[in-house]
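Chemist: My structure is below; once you've seen it, I'll send some questions.
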Amino acid sequence: MTPQGILIVLSGPSGTGKGTICRELLRSYPDLHDSISATTRAPRPGEHHGVNYFFLSHSEFQTMIQKDDLLEFAEVYGNYYGTPQQHVMQLLEAGKDVVLEIDIQGAMQVKTKFPAGVFIYIVPPSLNELSHRIYKRGTDSPEVIQKRLNCVSKELLLAHNYDYIVVNDKVEDAVKQIAAIISAERCKVKRNNALIEHICHDKCRLEE
């Protein structure tokens with residue numbers, strides 16, 4: 001009678017802190033599970049297959065693409081990255097909730113294949129605040145930062161494809177909002193049909 005777990009997809013423009021939110025969410029709520037991505041890049045020191053990534057050869061990854069075994073995938077600087085469908089579905093069918101942090105393009109691929117997911121879009125309080133955060137990192141030139149901010153403006157127009165908007169002003173507040181969303185989603189009638197049937201079946205047995 002265990003209901004299927006919920007796939008929570010987190011995405012948002014670069015610099016909004018979605019990675020930090022995801023890590024804190026998984027740390028604060030140990031009943032949530034992180035999705036493990038597959039990649040063709042070589043493992044870095046300290047990384048392990050099946051823990052950090054599923055490390056695959058290019059031919060293995062291509063086979064997964066051909067068999068439609070990925071919820072989403074993309075090629076980045078000559079290497080492939082993607083989300084294995086079987087791994088995610090096994091967790092969901094066991095009643096475990098899975099968190100997938102992914103870019104907007106990947107999220108739209110997931111939505112096409114698994115529309116039952118919960119899609120949450122992380123946004124900054126303002127573009128000025130986002131600009132301040134990116135400048136504070138000190139890793140990009142002013143020209144690169146401006147290009148990124150221009151891309152953010154375009155990406156924000158895609159927010160209507162998501163179910164929820166969460167403003168990342170303070171990480172702890174954003175994490176609490178996402179936890180509340182997940183809690184509410186667990187209570188939706190469409191996710192508890194088996195529970196209703198079980199209760200009705202028990203009633204019928206009592207009346208016999």
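Residues are named by chain letter and number: chains run A, B, ... in the order of the structure tokens, numbers start at 1 in each chain, and ligands are numbered from 1 in the order shown.
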If you take only C-alpha atoms and a cut-off of 12 Å, which residues of region 36-137 of chain A touch region 180-195 of chain A, and what are their nearest atom pairs and distances in Å to one decimal, in chain and number order, as a tab-separated table?
Modeler:
```
residue	atom	partner	partner_atom	distance
A:Gly95	CA	A:Arg186	CA	10.9
A:Lys96	CA	A:Arg186	CA	11.3
A:Asp97	CA	A:Ile182	CA	8.9
A:Val98	CA	A:Ile182	CA	10.6
A:Val99	CA	A:Ile182	CA	10.4
A:Ala116	CA	A:Arg191	CA	9.8
A:Gly117	CA	A:Glu185	CA	10.1
A:Val118	CA	A:Glu185	CA	8.1
A:Phe119	CA	A:Ile181	CA	10.4
A:Ile120	CA	A:Ile181	CA	9.1
```
Chemist: Could you pull out the strand (DSSP E or B) residues of region 17-172 of chain A from DSSP and send them as number ranges by chain?
Modeler: A: 32-34, 38-39, 49, 53-55, 70-76, 79-84, 97-101, 118-123, 164-167
Chemist: Put those residues in a file: N, CA, C and O atoms, as a tab-separated table (two decimals), in the first residue's frame.
Modeler:
```tsv
chain	number	residue	atom	x	y	z
A	32	LEU	N	14.67	12.07	2.22
A	32	LEU	CA	14.75	12.40	0.79
A	32	LEU	C	16.01	11.75	0.20
A	32	LEU	O	17.02	11.60	0.89
A	33	HIS	N	15.93	11.40	-1.07
A	33	HIS	CA	17.06	10.73	-1.72
A	33	HIS	C	17.54	11.55	-2.91
A	33	HIS	O	16.74	12.08	-3.68
A	34	ASP	N	18.85	11.59	-3.06
A	34	ASP	CA	19.47	12.31	-4.17
A	34	ASP	C	19.51	11.42	-5.40
A	34	ASP	O	19.77	10.22	-5.30
A	38	ALA	N	24.48	9.92	-14.46
A	38	ALA	CA	25.47	9.16	-15.23
A	38	ALA	C	26.32	10.14	-16.02
A	38	ALA	O	25.85	11.19	-16.44
A	39	THR	N	27.59	9.80	-16.22
A	39	THR	CA	28.47	10.68	-16.98
A	39	THR	C	29.55	9.87	-17.69
A	39	THR	O	29.89	8.76	-17.24
A	49	HIS	N	31.99	5.11	-8.32
A	49	HIS	CA	30.88	4.70	-9.19
A	49	HIS	C	29.68	4.30	-8.34
A	49	HIS	O	29.80	3.57	-7.36
A	53	TYR	N	28.60	9.43	-9.12
A	53	TYR	CA	28.04	9.30	-10.47
A	53	TYR	C	28.04	7.83	-10.85
A	53	TYR	O	28.72	7.01	-10.23
A	54	PHE	N	27.30	7.52	-11.90
A	54	PHE	CA	27.48	6.27	-12.61
A	54	PHE	C	28.45	6.60	-13.76
A	54	PHE	O	28.10	7.31	-14.69
A	55	PHE	N	29.69	6.12	-13.65
A	55	PHE	CA	30.69	6.44	-14.66
A	55	PHE	C	30.61	5.43	-15.80
A	55	PHE	O	30.81	4.23	-15.60
A	70	LEU	N	17.15	7.14	-20.36
A	70	LEU	CA	17.50	8.34	-19.60
A	70	LEU	C	16.30	9.28	-19.50
A	70	LEU	O	15.60	9.50	-20.48
A	71	LEU	N	16.09	9.82	-18.30
A	71	LEU	CA	15.03	10.82	-18.15
A	71	LEU	C	15.41	12.10	-18.87
A	71	LEU	O	14.55	12.83	-19.37
A	72	GLU	N	16.70	12.38	-18.91
A	72	GLU	CA	17.22	13.56	-19.62
A	72	GLU	C	18.71	13.36	-19.81
A	72	GLU	O	19.34	12.57	-19.11
A	73	PHE	N	19.27	14.09	-20.76
A	73	PHE	CA	20.72	14.05	-20.95
A	73	PHE	C	21.17	15.28	-21.73
A	73	PHE	O	20.37	15.96	-22.38
A	74	ALA	N	22.45	15.56	-21.63
A	74	ALA	CA	23.04	16.68	-22.38
A	74	ALA	C	24.52	16.40	-22.57
A	74	ALA	O	25.14	15.64	-21.81
A	75	GLU	N	25.09	17.02	-23.59
A	75	GLU	CA	26.53	16.93	-23.82
A	75	GLU	C	27.17	18.25	-23.40
A	75	GLU	O	26.72	19.33	-23.80
A	76	VAL	N	28.17	18.17	-22.54
A	76	VAL	CA	28.84	19.36	-22.02
A	76	VAL	C	30.35	19.19	-22.19
A	76	VAL	O	30.95	18.29	-21.59
A	79	ASN	N	31.65	15.68	-22.98
A	79	ASN	CA	31.20	14.58	-22.14
A	79	ASN	C	29.68	14.62	-21.97
A	79	ASN	O	29.07	15.69	-22.00
A	80	TYR	N	29.10	13.43	-21.80
A	80	TYR	CA	27.66	13.33	-21.61
A	80	TYR	C	27.32	13.26	-20.12
A	80	TYR	O	28.05	12.67	-19.33
A	81	TYR	N	26.20	13.87	-19.78
A	81	TYR	CA	25.64	13.79	-18.44
A	81	TYR	C	24.15	13.48	-18.59
A	81	TYR	O	23.50	14.00	-19.49
A	82	GLY	N	23.64	12.64	-17.70
A	82	GLY	CA	22.22	12.32	-17.80
A	82	GLY	C	21.69	11.67	-16.54
A	82	GLY	O	22.45	11.31	-15.64
A	83	THR	N	20.37	11.51	-16.49
A	83	THR	CA	19.70	10.90	-15.33
A	83	THR	C	19.14	9.54	-15.72
A	83	THR	O	18.19	9.47	-16.50
A	84	PRO	N	19.73	8.45	-15.21
A	84	PRO	CA	19.22	7.12	-15.53
A	84	PRO	C	17.78	6.92	-15.04
A	84	PRO	O	17.50	7.13	-13.85
A	97	ASP	N	11.07	9.43	-1.90
A	97	ASP	CA	11.04	10.69	-2.62
A	97	ASP	C	12.45	11.01	-3.12
A	97	ASP	O	13.43	10.86	-2.39
A	98	VAL	N	12.55	11.46	-4.36
A	98	VAL	CA	13.84	11.69	-5.01
A	98	VAL	C	13.97	13.15	-5.40
A	98	VAL	O	13.04	13.73	-6.00
A	99	VAL	N	15.11	13.76	-5.08
A	99	VAL	CA	15.39	15.14	-5.45
A	99	VAL	C	16.36	15.17	-6.62
A	99	VAL	O	17.42	14.53	-6.57
A	100	LEU	N	15.97	15.88	-7.66
A	100	LEU	CA	16.81	16.00	-8.85
A	100	LEU	C	17.08	17.47	-9.11
A	100	LEU	O	16.18	18.24	-9.42
A	101	GLU	N	18.35	17.87	-8.94
A	101	GLU	CA	18.75	19.24	-9.23
A	101	GLU	C	19.30	19.27	-10.65
A	101	GLU	O	20.26	18.57	-10.97
A	118	VAL	N	7.18	16.90	-9.38
A	118	VAL	CA	6.90	18.22	-8.81
A	118	VAL	C	8.05	19.14	-9.21
A	118	VAL	O	9.20	18.92	-8.81
A	119	PHE	N	7.74	20.15	-9.98
A	119	PHE	CA	8.77	21.00	-10.58
A	119	PHE	C	8.82	22.34	-9.86
A	119	PHE	O	7.84	23.10	-9.87
A	120	ILE	N	9.96	22.60	-9.24
A	120	ILE	CA	10.14	23.79	-8.40
A	120	ILE	C	11.24	24.67	-9.01
A	120	ILE	O	12.35	24.19	-9.27
A	121	TYR	N	10.90	25.93	-9.19
A	121	TYR	CA	11.82	26.87	-9.83
A	121	TYR	C	12.37	27.83	-8.78
A	121	TYR	O	11.61	28.53	-8.10
A	122	ILE	N	13.69	27.85	-8.64
A	122	ILE	CA	14.36	28.72	-7.66
A	122	ILE	C	14.72	30.04	-8.33
A	122	ILE	O	15.34	30.06	-9.39
A	123	VAL	N	14.32	31.14	-7.70
A	123	VAL	CA	14.62	32.46	-8.26
A	123	VAL	C	15.29	33.33	-7.20
A	123	VAL	O	15.12	33.11	-6.01
A	164	TYR	N	5.85	25.38	-8.91
A	164	TYR	CA	6.05	26.27	-7.77
A	164	TYR	C	7.25	27.19	-8.01
A	164	TYR	O	8.20	26.82	-8.69
A	165	ILE	N	7.17	28.35	-7.41
A	165	ILE	CA	8.28	29.31	-7.38
A	165	ILE	C	8.74	29.46	-5.93
A	165	ILE	O	7.92	29.67	-5.03
A	166	VAL	N	10.05	29.35	-5.72
A	166	VAL	CA	10.61	29.57	-4.39
A	166	VAL	C	11.71	30.62	-4.51
A	166	VAL	O	12.63	30.47	-5.31
A	167	VAL	N	11.58	31.68	-3.73
A	167	VAL	CA	12.57	32.76	-3.74
A	167	VAL	C	13.68	32.42	-2.76
A	167	VAL	O	13.43	32.16	-1.57
```
Chemist: Among region 46-198 of chain A, which residues carry a DSSP assignment of alpha helix (DSSP H), reported as a count of residues only?
Modeler: 76
Chemist: Can you list, as a PyMOL selection string, every protein, DNA or RNA residue that comes within 10 Å of region 12-21 of chain A when you count only C-alpha atoms, leaving out same-chain residues fewer than 6 positions away?
Modeler: chain A and resi 27+101-104+107+120-125+127+129-131+133-134+137+148-149+151-156+158-159+165-176+178
Chemist: If we count only C-alpha atoms and set the cut-off at 6 Å, which residues sit around region 56-58 of chain A, ignoring sequence neighbours fewer than 2 positions away in its own chain? Please answer as a list in words.
Modeler: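 The residues satisfying every condition are Thr39, Thr40, Glu60 and Phe61 of chain A.
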